[in-house]
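Raw coords22.cif, mmCIF, C-alpha atoms:
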```
data_coords
loop_
_atom_site.label_atom_id
_atom_site.label_comp_id
_atom_site.auth_asym_id
_atom_site.auth_seq_id
_atom_site.Cartn_x
_atom_site.Cartn_y
_atom_site.Cartn_z
CA MET A 1 14.14 23.21 18.08
CA SER A 2 17.15 22.76 15.85
CA ASP A 3 18.89 26.01 16.65
CA ASN A 4 21.69 24.28 18.50
CA LYS A 5 22.35 21.73 15.82
CA PRO A 6 25.08 22.29 13.28
CA MET A 7 23.78 23.26 9.88
CA LEU A 8 24.24 20.77 7.09
CA SER A 9 25.15 22.15 3.74
CA ARG A 10 22.14 22.39 1.48
CA ARG A 11 23.74 19.86 -0.83
CA ALA A 12 24.22 17.36 2.03
CA ALA A 13 20.65 17.86 3.21
CA LEU A 14 19.27 17.32 -0.27
CA LYS A 15 21.29 14.12 -0.61
CA ILE A 16 19.83 12.76 2.62
CA ILE A 17 16.32 13.71 1.55
CA ALA A 18 16.79 12.19 -1.89
CA ALA A 19 17.98 8.95 -0.30
CA ALA A 20 14.88 8.86 1.90
CA GLY A 21 12.63 9.14 -1.13
CA ALA A 22 14.58 6.85 -3.41
CA GLY A 23 12.21 3.96 -2.95
CA THR A 24 9.38 5.88 -4.52
CA LEU A 25 11.33 8.00 -6.98
CA LEU A 26 10.25 11.16 -5.24
CA THR A 27 11.20 14.37 -7.01
CA LEU A 28 12.55 17.09 -4.77
CA PRO A 29 10.66 20.36 -5.10
CA ASP A 30 12.77 23.31 -6.19
CA LYS A 31 11.42 25.47 -3.43
CA TRP A 32 9.43 25.07 -0.25
CA THR A 33 5.68 25.57 -0.49
CA LYS A 34 3.11 24.97 2.18
CA PRO A 35 2.53 21.21 2.55
CA LEU A 36 -1.02 20.27 1.70
CA VAL A 37 -2.93 17.03 1.72
CA GLN A 38 -6.38 16.30 0.41
CA VAL A 39 -8.19 13.36 1.93
CA GLY A 40 -11.15 11.72 0.30
CA ALA A 41 -13.25 8.64 0.78
CA LEU A 42 -13.05 6.33 -2.19
CA PRO A 43 -16.40 5.49 -3.69
CA ALA A 44 -16.76 1.74 -3.57
CA HIS A 45 -17.01 1.57 -7.33
CA ALA A 46 -13.93 3.71 -7.94
CA GLN A 47 -11.18 2.48 -5.74
CA VAL A 48 -8.47 4.18 -7.74
CA SER A 49 -9.91 5.57 -10.90
CA PRO A 50 -13.31 6.37 -12.32
CA VAL A 51 -12.37 4.44 -15.45
CA PRO A 52 -14.80 1.51 -15.86
CA ARG A 53 -12.93 -1.72 -15.45
CA SER A 54 -13.57 -5.35 -16.03
CA LEU A 55 -11.96 -8.50 -14.71
CA ILE A 56 -10.38 -11.34 -16.63
CA CYS A 57 -9.83 -14.64 -14.85
CA PRO A 58 -7.66 -17.46 -16.13
CA ALA A 59 -9.60 -20.41 -17.49
CA SER A 60 -10.24 -23.26 -15.11
CA PRO A 61 -7.65 -25.99 -15.69
CA ALA A 62 -9.16 -28.84 -17.68
CA GLN A 63 -7.34 -31.45 -15.65
CA PRO A 64 -7.27 -31.71 -11.88
CA THR A 65 -4.02 -31.16 -10.08
CA LEU A 66 -2.48 -34.28 -8.62
CA VAL A 67 -1.68 -33.50 -5.02
CA THR A 68 1.14 -35.54 -3.63
CA THR A 69 1.28 -33.81 -0.30
CA GLN A 70 -1.60 -33.26 2.04
CA THR A 71 -1.84 -29.62 1.09
CA PHE A 72 -3.07 -28.21 -2.20
CA ILE A 73 -1.28 -24.93 -2.83
CA GLN A 74 -2.55 -22.93 -5.78
CA PRO A 75 -1.55 -19.39 -6.75
CA THR A 76 -4.51 -17.57 -8.27
CA THR A 77 -4.61 -14.34 -10.23
CA VAL A 78 -7.02 -11.96 -11.85
CA GLN A 79 -6.34 -9.33 -14.49
CA VAL A 80 -7.96 -5.90 -14.34
CA SER A 81 -8.70 -4.35 -17.72
CA PRO A 82 -7.63 -1.70 -18.56
CA ALA A 83 -4.56 -2.51 -16.51
CA ALA A 84 -3.78 -0.23 -13.60
CA ALA A 85 -1.86 -0.46 -10.37
CA GLY A 86 -3.51 -0.04 -7.01
CA VAL A 87 -6.97 -1.30 -7.93
CA THR A 88 -8.62 -3.21 -5.12
CA VAL A 89 -10.29 -6.45 -6.15
CA ASN A 90 -12.42 -8.56 -3.84
CA TYR A 91 -12.43 -12.34 -3.77
CA ILE A 92 -14.56 -15.08 -2.29
CA ILE A 93 -13.32 -18.66 -2.07
CA THR A 94 -15.72 -21.57 -1.95
CA ILE A 95 -14.45 -25.08 -1.34
CA VAL A 96 -15.83 -28.54 -1.99
CA ASP A 97 -14.40 -31.27 0.25
CA GLY A 98 -11.50 -29.29 1.61
CA PHE A 99 -10.50 -27.05 4.45
CA LEU A 100 -9.09 -23.59 3.83
CA LEU A 101 -5.64 -23.08 5.32
CA ALA A 102 -4.72 -19.84 3.59
CA PRO A 103 -5.71 -17.09 3.28
CA ALA A 104 -7.01 -16.99 6.82
CA VAL A 105 -10.57 -16.23 5.74
CA ALA A 106 -12.45 -17.13 2.59
CA SER A 107 -13.14 -13.59 1.51
CA GLY A 108 -10.85 -10.63 1.23
CA SER A 109 -9.24 -8.26 -1.17
CA ALA A 110 -6.05 -7.90 -3.15
CA VAL A 111 -4.51 -4.94 -4.91
CA THR A 112 -3.25 -4.98 -8.48
CA ASN A 113 0.39 -4.54 -9.35
CA GLY A 114 1.79 -2.41 -12.15
CA ALA A 115 0.60 -4.93 -14.74
CA GLY A 116 -2.95 -4.77 -13.41
CA VAL A 117 -2.72 -8.23 -11.91
CA ALA A 118 -3.87 -9.11 -8.41
CA GLY A 119 -3.49 -12.48 -6.82
CA VAL A 120 -3.75 -14.61 -3.76
CA THR A 121 -2.20 -17.99 -3.00
CA VAL A 122 -4.79 -20.47 -1.79
CA GLU A 123 -3.85 -23.39 0.41
CA ILE A 124 -6.36 -26.17 0.94
CA GLN A 125 -6.31 -29.16 3.23
CA PRO A 126 -8.13 -31.84 1.18
CA LEU A 127 -10.76 -33.79 3.07
CA GLN A 128 -11.54 -36.26 0.27
CA GLY A 129 -9.67 -37.84 -2.61
CA THR A 130 -11.04 -35.28 -4.97
CA GLY A 131 -12.29 -31.80 -4.45
CA SER A 132 -12.19 -28.31 -5.78
CA PHE A 133 -12.23 -24.70 -4.90
CA THR A 134 -13.56 -21.73 -6.81
CA ILE A 135 -12.27 -18.24 -6.40
CA ALA A 136 -14.65 -15.54 -7.56
CA TRP A 137 -13.30 -12.04 -8.14
CA SER A 138 -15.27 -8.82 -8.24
CA LEU A 139 -14.66 -5.10 -8.27
CA PRO A 140 -16.05 -3.34 -5.20
CA GLY A 141 -19.42 -1.84 -5.93
CA GLN A 142 -19.69 -3.38 -9.37
CA GLN A 143 -21.80 -6.27 -10.49
CA GLY A 144 -20.29 -9.13 -12.40
CA GLY A 145 -16.77 -10.40 -12.12
CA CYS A 146 -15.20 -13.70 -12.98
CA SER A 147 -14.15 -16.93 -11.36
CA THR A 148 -11.78 -19.83 -11.78
CA THR A 149 -12.23 -23.36 -10.43
CA TYR A 150 -9.32 -25.56 -9.50
CA ASN A 151 -9.79 -29.29 -8.97
CA TRP A 152 -7.45 -31.61 -7.15
CA VAL A 153 -6.95 -35.33 -6.90
CA LEU A 154 -5.14 -36.75 -3.93
CA GLN A 155 -2.57 -39.30 -4.85
CA ASP A 156 -2.75 -42.57 -2.83
CA PHE A 157 -5.98 -41.54 -1.20
CA MET B 1 12.12 8.15 25.52
CA GLY B 2 10.47 10.36 22.87
CA VAL B 3 8.20 9.60 19.99
CA ILE B 4 8.96 9.71 16.30
CA PRO B 5 6.58 9.68 13.36
CA MET B 6 6.50 6.68 11.06
CA ARG B 7 4.34 5.50 8.21
CA ARG B 8 1.55 3.11 9.05
CA ASP B 9 1.64 -0.38 7.60
CA GLY B 10 -0.69 -1.40 4.82
CA LEU B 11 -0.66 1.80 2.79
CA GLN B 12 -0.30 1.77 -0.97
CA VAL B 13 1.97 4.63 -2.00
CA GLU B 14 2.26 5.86 -5.57
CA THR B 15 4.15 8.86 -6.91
CA MET B 16 3.02 11.12 -9.69
CA ASP B 17 5.03 14.13 -10.87
CA GLY B 18 6.69 14.47 -7.49
CA GLU B 19 3.39 14.31 -5.65
CA LEU B 20 2.09 11.40 -3.69
CA ILE B 21 -1.06 9.35 -3.79
CA VAL B 22 -1.58 7.22 -0.70
CA LEU B 23 -4.30 4.59 -0.68
CA ASP B 24 -5.57 3.20 2.56
CA THR B 25 -7.42 0.19 1.20
CA VAL B 26 -8.54 -0.86 4.65
CA ARG B 27 -10.42 2.36 5.24
CA ASP B 28 -11.07 3.07 1.52
CA VAL B 29 -9.42 6.44 1.80
CA VAL B 30 -7.24 8.16 -0.76
CA VAL B 31 -4.86 10.95 0.14
CA HIS B 32 -3.19 13.30 -2.28
CA ALA B 33 -0.11 15.03 -0.94
CA ASN B 34 1.62 17.89 -2.72
CA ALA B 35 5.37 17.78 -3.22
CA THR B 36 6.37 19.19 0.15
CA ALA B 37 3.83 17.13 2.09
CA ALA B 38 5.11 14.11 0.17
CA LEU B 39 8.64 15.00 1.19
CA VAL B 40 7.71 15.17 4.86
CA PHE B 41 5.79 11.89 4.61
CA GLN B 42 8.80 10.17 3.03
CA LEU B 43 11.09 11.45 5.75
CA CYS B 44 8.87 9.93 8.44
CA ASP B 45 10.73 6.65 8.35
CA GLY B 46 10.62 5.81 12.02
CA GLN B 47 14.20 6.97 12.46
CA ARG B 48 13.89 10.75 12.49
CA SER B 49 12.11 12.89 15.03
CA VAL B 50 9.98 15.86 14.06
CA ASP B 51 12.86 18.10 15.04
CA ASP B 52 15.26 16.08 12.90
CA ILE B 53 12.99 16.36 9.87
CA THR B 54 12.45 20.05 10.45
CA ALA B 55 16.17 20.67 10.76
CA LEU B 56 16.94 18.67 7.64
CA LEU B 57 14.41 20.58 5.60
CA CYS B 58 15.57 23.91 7.01
CA ASP B 59 19.05 23.03 5.85
CA ALA B 60 17.74 22.03 2.43
CA TYR B 61 15.57 25.11 2.05
CA PRO B 62 17.27 27.77 4.18
CA ASP B 63 15.32 30.61 2.64
CA SER B 64 12.10 29.06 3.94
CA ALA B 65 13.32 28.00 7.37
CA ALA B 66 10.74 30.03 9.25
CA ASP B 67 7.88 28.55 7.26
CA ILE B 68 9.30 25.05 7.58
CA ARG B 69 9.48 25.31 11.37
CA ALA B 70 5.77 26.02 11.39
CA ASP B 71 4.72 23.76 8.54
CA VAL B 72 6.47 20.50 9.40
CA PRO B 73 5.03 19.85 12.86
CA ALA B 74 1.60 20.88 11.58
CA ILE B 75 1.60 18.60 8.57
CA ILE B 76 2.94 15.67 10.58
CA ALA B 77 0.20 16.14 13.14
CA HIS B 78 -2.32 16.25 10.31
CA LEU B 79 -0.93 13.07 8.74
CA VAL B 80 -1.15 11.34 12.11
CA GLU B 81 -4.72 12.55 12.45
CA GLN B 82 -5.45 11.11 9.00
CA ARG B 83 -3.87 7.81 10.11
CA LEU B 84 -1.14 7.84 7.48
CA LEU B 85 1.49 8.22 10.16
CA GLU B 86 1.68 6.94 13.68
CA TRP B 87 3.85 7.74 16.62
CA SER B 88 6.53 5.28 17.48
CA ALA B 89 8.64 5.15 20.58
CA ALA B 90 12.14 6.36 19.86
CA ALA B 91 15.05 4.40 21.25
CA THR B 92 17.20 6.45 23.53
#
```
Let me see the file written as structure tokens.
Amino acid sequence: MSDNKPMLSRRAALKIIAAAGAGTLLTLPDKWTKPLVQVGALPAHAQVSPVPRSLICPASPAQPTLVTTQTFIQPTTVQVSPAAAGVTVNYIITIVDGFLLAPAVASGSAVTNGAGVAGVTVEIQPLQGTGSFTIAWSLPGQQGGCSTTYNWVLQDF
Amino acid sequence: MGVIPMRRDGLQVETMDGELIVLDTVRDVVVHANATAALVFQLCDGQRSVDDITALLCDAYPDSAADIRADVPAIIAHLVEQRLLEWSAAAT
């Protein structure tokens, strides 16, 4: 296998390994132990942690957004409480008088960042002078959730 | 042309005390890797062959070289089987 290759010094090898793991702040083990992995299926209600969680959506804007282009682009977010990274949150987008450009399909999932926030940017092609979309968020396997509605008004329609 | 192991796209990787938690949110699978399995996983960057990784780790842990020569190919095969790694064609 590697018998014909020149040996690196241990220090040089550790430096290369440390560089490979730098992106995830991997700690080098002091000694070699047998590598082990445990694989499990996540219960739908506990994507990352068994801690019960709830969702907090931003309030729907009181005023519609004036759209000066033919595309309504709206970043949307949801907050998981208590905050945790890596929590999968499902969304469903429903639209009134518009055509969904992005995301590609009206339902999907997003994963929270370190602040417990997940998000998706919604792009709508308005079909009328006014319209709206609602994005409803839920935790997999849990009832409830929250939603936010965004209205638009097309300028010069 | 050979093949080299590389991480699959779409995995959420978190570290905890030197160990690794990998979430496959598409398949709803969670994988916990101990420190040495995490090390091998991190070294599967699509640039190094199994032999390269084995040699690097043998150099880093010379007292365990015999174990490493057995362990590394086995754990990489297992990670491929668990769909955390995939084989990529290596440029010659």
Extract, using all atoms listed in the file, all DNA, RNA and protein residues at most 6 Å from range 38-42 of chain A, discarding same-chain residues fewer than 4 positions from it, and format them as a PyMOL selection string. (chain A and resi 47) or (chain B and resi 28-32)
Quick one: distance from CA of Ile53 in chain B to CA of Leu20 in chain B in Å, one decimal?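 Pair CA of Ile53 in chain B / CA of Leu20 in chain B returns 18.1 Å.
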Point-to-point distance in Å for CA of Leu57 in chain B and CA of Lys15 in chain A: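 According to the coordinates, CA of Lys15 in chain A and CA of Leu57 in chain B are separated by 11.3 Å.
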Could you state the separation of CA of Ala66 in chain B and CA of Lys34 in chain A in Å, given to one decimal place?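 CA of Lys34 in chain A lies 11.6 Å from CA of Ala66 in chain B.
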Around the point (13.6, 18.3, -4.2) (coordinates from the file), which residues reach within 9 Å if we count all atoms listed in the file? Answer as a PyMOL selection string. (chain A and resi 14+17-18+26-32) or (chain B and resi 18+35-36+39+60)
With a cut-off of 9 Å, could you pull out the residues of chain B touching chain A and give me the nearest pair of atoms for each, distance in Å to one decimal, using all atoms listed in the file, ordered by chain and ascending number, as a Markdown table?
```
| residue | atom | partner | partner_atom | distance |
| --- | --- | --- | --- | --- |
| B:Gln12 | CA | A:Gly86 | CA | 7.1 |
| B:Val13 | CA | A:Thr24 | CA | 7.9 |
| B:Glu14 | CA | A:Thr24 | CA | 7.2 |
| B:Thr15 | CA | A:Thr24 | CA | 6.5 |
| B:Met16 | CA | A:Leu26 | CA | 8.5 |
| B:Asp17 | CA | A:Thr27 | CA | 7.3 |
| B:Gly18 | CA | A:Thr27 | CA | 4.5 |
| B:Glu19 | CA | A:Leu26 | CA | 7.6 |
| B:Leu20 | CA | A:Leu26 | CA | 8.3 |
| B:Leu23 | CA | A:Gly86 | CA | 7.9 |
| B:Thr25 | CA | A:Thr88 | CA | 7.3 |
| B:Arg27 | CA | A:Ala41 | CA | 8.2 |
| B:Asp28 | CA | A:Leu42 | CA | 5.3 |
| B:Val29 | CA | A:Ala41 | CA | 4.5 |
| B:Val30 | CA | A:Gly40 | CA | 5.4 |
| B:Val31 | CA | A:Val39 | CA | 4.5 |
| B:His32 | CA | A:Gln38 | CA | 5.1 |
| B:Ala33 | CA | A:Val37 | CA | 4.4 |
| B:Asn34 | CA | A:Leu36 | CA | 5.7 |
| B:Ala35 | CA | A:Pro29 | CA | 6.2 |
| B:Thr36 | CA | A:Pro35 | CA | 5.0 |
| B:Ala37 | CA | A:Pro35 | CA | 4.3 |
| B:Ala38 | CA | A:Pro35 | CA | 7.9 |
| B:Leu39 | CA | A:Leu28 | CA | 7.4 |
| B:Val40 | CA | A:Pro35 | CA | 8.3 |
| B:Gln42 | CA | A:Gly21 | CA | 5.7 |
| B:Leu43 | CA | A:Ala20 | CA | 6.0 |
| B:Cys44 | CA | A:Ala20 | CA | 8.9 |
| B:Asp45 | CA | A:Ala20 | CA | 8.0 |
| B:Asp51 | CA | A:Met1 | CA | 6.1 |
| B:Asp52 | CA | A:Ser2 | CA | 7.5 |
| B:Thr54 | CA | A:Ser2 | CA | 7.7 |
| B:Ala55 | CA | A:Ser2 | CA | 5.6 |
| B:Leu56 | CA | A:Ala13 | CA | 5.8 |
| B:Leu57 | CA | A:Ala13 | CA | 7.2 |
| B:Cys58 | CA | A:Arg10 | CA | 8.7 |
| B:Asp59 | CA | A:Arg10 | CA | 5.4 |
| B:Ala60 | CA | A:Arg10 | CA | 4.5 |
| B:Tyr61 | CA | A:Trp32 | CA | 6.6 |
| B:Pro62 | CA | A:Arg10 | CA | 7.7 |
| B:Asp63 | CA | A:Trp32 | CA | 8.6 |
| B:Ser64 | CA | A:Trp32 | CA | 6.4 |
| B:Asp67 | CA | A:Lys34 | CA | 7.8 |
| B:Ile68 | CA | A:Trp32 | CA | 7.8 |
| B:Arg69 | CA | A:Met1 | CA | 8.4 |
| B:Asp71 | CA | A:Lys34 | CA | 6.7 |
| B:Val72 | CA | A:Pro35 | CA | 7.9 |
| B:Ile75 | CA | A:Pro35 | CA | 6.6 |
| B:His78 | CA | A:Val37 | CA | 8.6 |
| B:Leu79 | CA | A:Val37 | CA | 8.3 |
| B:Gln82 | CA | A:Val39 | CA | 7.9 |
```
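Comparing B:Val26, B:Val50, B:Ile21, B:Ala70 by their smallest distance to Asp9 in chain B, the closest is B:Val26 (using all atoms listed in the file).
The residues caught by the PyMOL selection byres ((chain A and resi 129) around 9) in this file are Asp97, Pro126, Leu127, Gln128, Thr130, Gly131, Trp152, Val153, Leu154, Gln155, Asp156 and Phe157 of chain A.
When the PyMOL selection byres ((chain A and resi 106) around 9) is run on the displayed coordinates, the residues it returns are Tyr91, Ile92, Ile93, Thr94, Leu100, Ala102, Pro103, Ala104, Val105, Ser107 and Gly108 of chain A.
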For the file shown, what are the residues hit by the PyMOL selection byres ((chain A and resi 150) around 8), laid out as a list in words?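 With the shown file as input, the PyMOL selection byres ((chain A and resi 150) around 8) matches Ser60, Pro61, Pro64, Thr65, Ser132, Phe133, Thr134, Thr148, Thr149, Asn151 and Trp152 of chain A.
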I'd like to know which of A:Gln142, A:Gln63, A:Thr69, A:Thr77 is closest to Gln125 in chain A, using only C-alpha atoms.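 With only C-alpha atoms as the atom set, the closest residue is A:Thr69.
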Considering only C-alpha atoms, return as a list in words whatever protein or nucleic-acid residues lie within 7 Å of Met6 in chain B, sequence-local ones (same chain, fewer than 2 positions apart) excluded.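 That gives Ile4, Arg8, Cys44, Asp45, Gly46, Leu85, Glu86, Trp87 and Ser88 of chain B.
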Using only C-alpha atoms, which protein or nucleic acid residues come within 12 Å of Gln143 in chain A? Drop anything in the same chain fewer than 4 positions from it, and give the result as a VMD selection string. chain A and resid 44 to 45 52 to 55 90 137 to 139
Written record: range 63-83 of chain B, N, CA and C atoms, as a PDB file, in the first residue's frame:
```pdb
ATOM      1  N   ASP B  63       2.789   4.247  15.776  1.00  0.00           N
ATOM      2  CA  ASP B  63       2.664   3.095  16.676  1.00  0.00           C
ATOM      3  C   ASP B  63       1.444   2.238  16.343  1.00  0.00           C
ATOM      4  N   SER B  64       0.501   2.819  15.594  1.00  0.00           N
ATOM      5  CA  SER B  64      -0.736   2.089  15.282  1.00  0.00           C
ATOM      6  C   SER B  64      -0.841   1.769  13.790  1.00  0.00           C
ATOM      7  N   ALA B  65       0.279   1.782  13.103  1.00  0.00           N
ATOM      8  CA  ALA B  65       0.248   1.651  11.640  1.00  0.00           C
ATOM      9  C   ALA B  65      -0.462   0.371  11.184  1.00  0.00           C
ATOM     10  N   ALA B  66      -0.222  -0.706  11.886  1.00  0.00           N
ATOM     11  CA  ALA B  66      -0.847  -1.969  11.466  1.00  0.00           C
ATOM     12  C   ALA B  66      -2.368  -1.883  11.586  1.00  0.00           C
ATOM     13  N   ASP B  67      -2.825  -1.331  12.681  1.00  0.00           N
ATOM     14  CA  ASP B  67      -4.277  -1.178  12.852  1.00  0.00           C
ATOM     15  C   ASP B  67      -4.846  -0.228  11.804  1.00  0.00           C
ATOM     16  N   ILE B  68      -4.128   0.842  11.543  1.00  0.00           N
ATOM     17  CA  ILE B  68      -4.623   1.850  10.595  1.00  0.00           C
ATOM     18  C   ILE B  68      -4.767   1.249   9.199  1.00  0.00           C
ATOM     19  N   ARG B  69      -3.826   0.416   8.813  1.00  0.00           N
ATOM     20  CA  ARG B  69      -3.897  -0.199   7.479  1.00  0.00           C
ATOM     21  C   ARG B  69      -5.142  -1.081   7.339  1.00  0.00           C
ATOM     22  N   ALA B  70      -5.591  -1.613   8.437  1.00  0.00           N
ATOM     23  CA  ALA B  70      -6.824  -2.417   8.385  1.00  0.00           C
ATOM     24  C   ALA B  70      -8.059  -1.543   8.563  1.00  0.00           C
ATOM     25  N   ASP B  71      -7.944  -0.557   9.445  1.00  0.00           N
ATOM     26  CA  ASP B  71      -9.131   0.211   9.833  1.00  0.00           C
ATOM     27  C   ASP B  71      -9.583   1.192   8.749  1.00  0.00           C
ATOM     28  N   VAL B  72      -8.633   1.849   8.100  1.00  0.00           N
ATOM     29  CA  VAL B  72      -9.014   2.940   7.192  1.00  0.00           C
ATOM     30  C   VAL B  72      -9.816   2.445   5.981  1.00  0.00           C
ATOM     31  N   PRO B  73      -9.334   1.442   5.263  1.00  0.00           N
ATOM     32  CA  PRO B  73     -10.172   0.972   4.140  1.00  0.00           C
ATOM     33  C   PRO B  73     -11.539   0.476   4.602  1.00  0.00           C
ATOM     34  N   ALA B  74     -11.574  -0.139   5.782  1.00  0.00           N
ATOM     35  CA  ALA B  74     -12.848  -0.680   6.271  1.00  0.00           C
ATOM     36  C   ALA B  74     -13.826   0.438   6.613  1.00  0.00           C
ATOM     37  N   ILE B  75     -13.341   1.467   7.281  1.00  0.00           N
ATOM     38  CA  ILE B  75     -14.272   2.527   7.685  1.00  0.00           C
ATOM     39  C   ILE B  75     -14.700   3.355   6.462  1.00  0.00           C
ATOM     40  N   ILE B  76     -13.823   3.515   5.508  1.00  0.00           N
ATOM     41  CA  ILE B  76     -14.221   4.235   4.294  1.00  0.00           C
ATOM     42  C   ILE B  76     -15.289   3.436   3.540  1.00  0.00           C
ATOM     43  N   ALA B  77     -15.083   2.150   3.441  1.00  0.00           N
ATOM     44  CA  ALA B  77     -16.104   1.322   2.772  1.00  0.00           C
ATOM     45  C   ALA B  77     -17.435   1.423   3.504  1.00  0.00           C
ATOM     46  N   HIS B  78     -17.358   1.453   4.831  1.00  0.00           N
ATOM     47  CA  HIS B  78     -18.597   1.548   5.621  1.00  0.00           C
ATOM     48  C   HIS B  78     -19.266   2.910   5.401  1.00  0.00           C
ATOM     49  N   LEU B  79     -18.477   3.963   5.344  1.00  0.00           N
ATOM     50  CA  LEU B  79     -19.049   5.302   5.135  1.00  0.00           C
ATOM     51  C   LEU B  79     -19.646   5.438   3.731  1.00  0.00           C
ATOM     52  N   VAL B  80     -19.047   4.754   2.775  1.00  0.00           N
ATOM     53  CA  VAL B  80     -19.643   4.732   1.433  1.00  0.00           C
ATOM     54  C   VAL B  80     -20.965   3.967   1.467  1.00  0.00           C
ATOM     55  N   GLU B  81     -20.946   2.861   2.177  1.00  0.00           N
ATOM     56  CA  GLU B  81     -22.164   2.045   2.304  1.00  0.00           C
ATOM     57  C   GLU B  81     -23.279   2.855   2.969  1.00  0.00           C
ATOM     58  N   GLN B  82     -22.896   3.703   3.926  1.00  0.00           N
ATOM     59  CA  GLN B  82     -23.890   4.531   4.619  1.00  0.00           C
ATOM     60  C   GLN B  82     -24.215   5.808   3.854  1.00  0.00           C
ATOM     61  N   ARG B  83     -23.651   5.963   2.686  1.00  0.00           N
ATOM     62  CA  ARG B  83     -23.907   7.079   1.772  1.00  0.00           C
ATOM     63  C   ARG B  83     -23.469   8.422   2.339  1.00  0.00           C
TER      64      ARG B  83
END
```
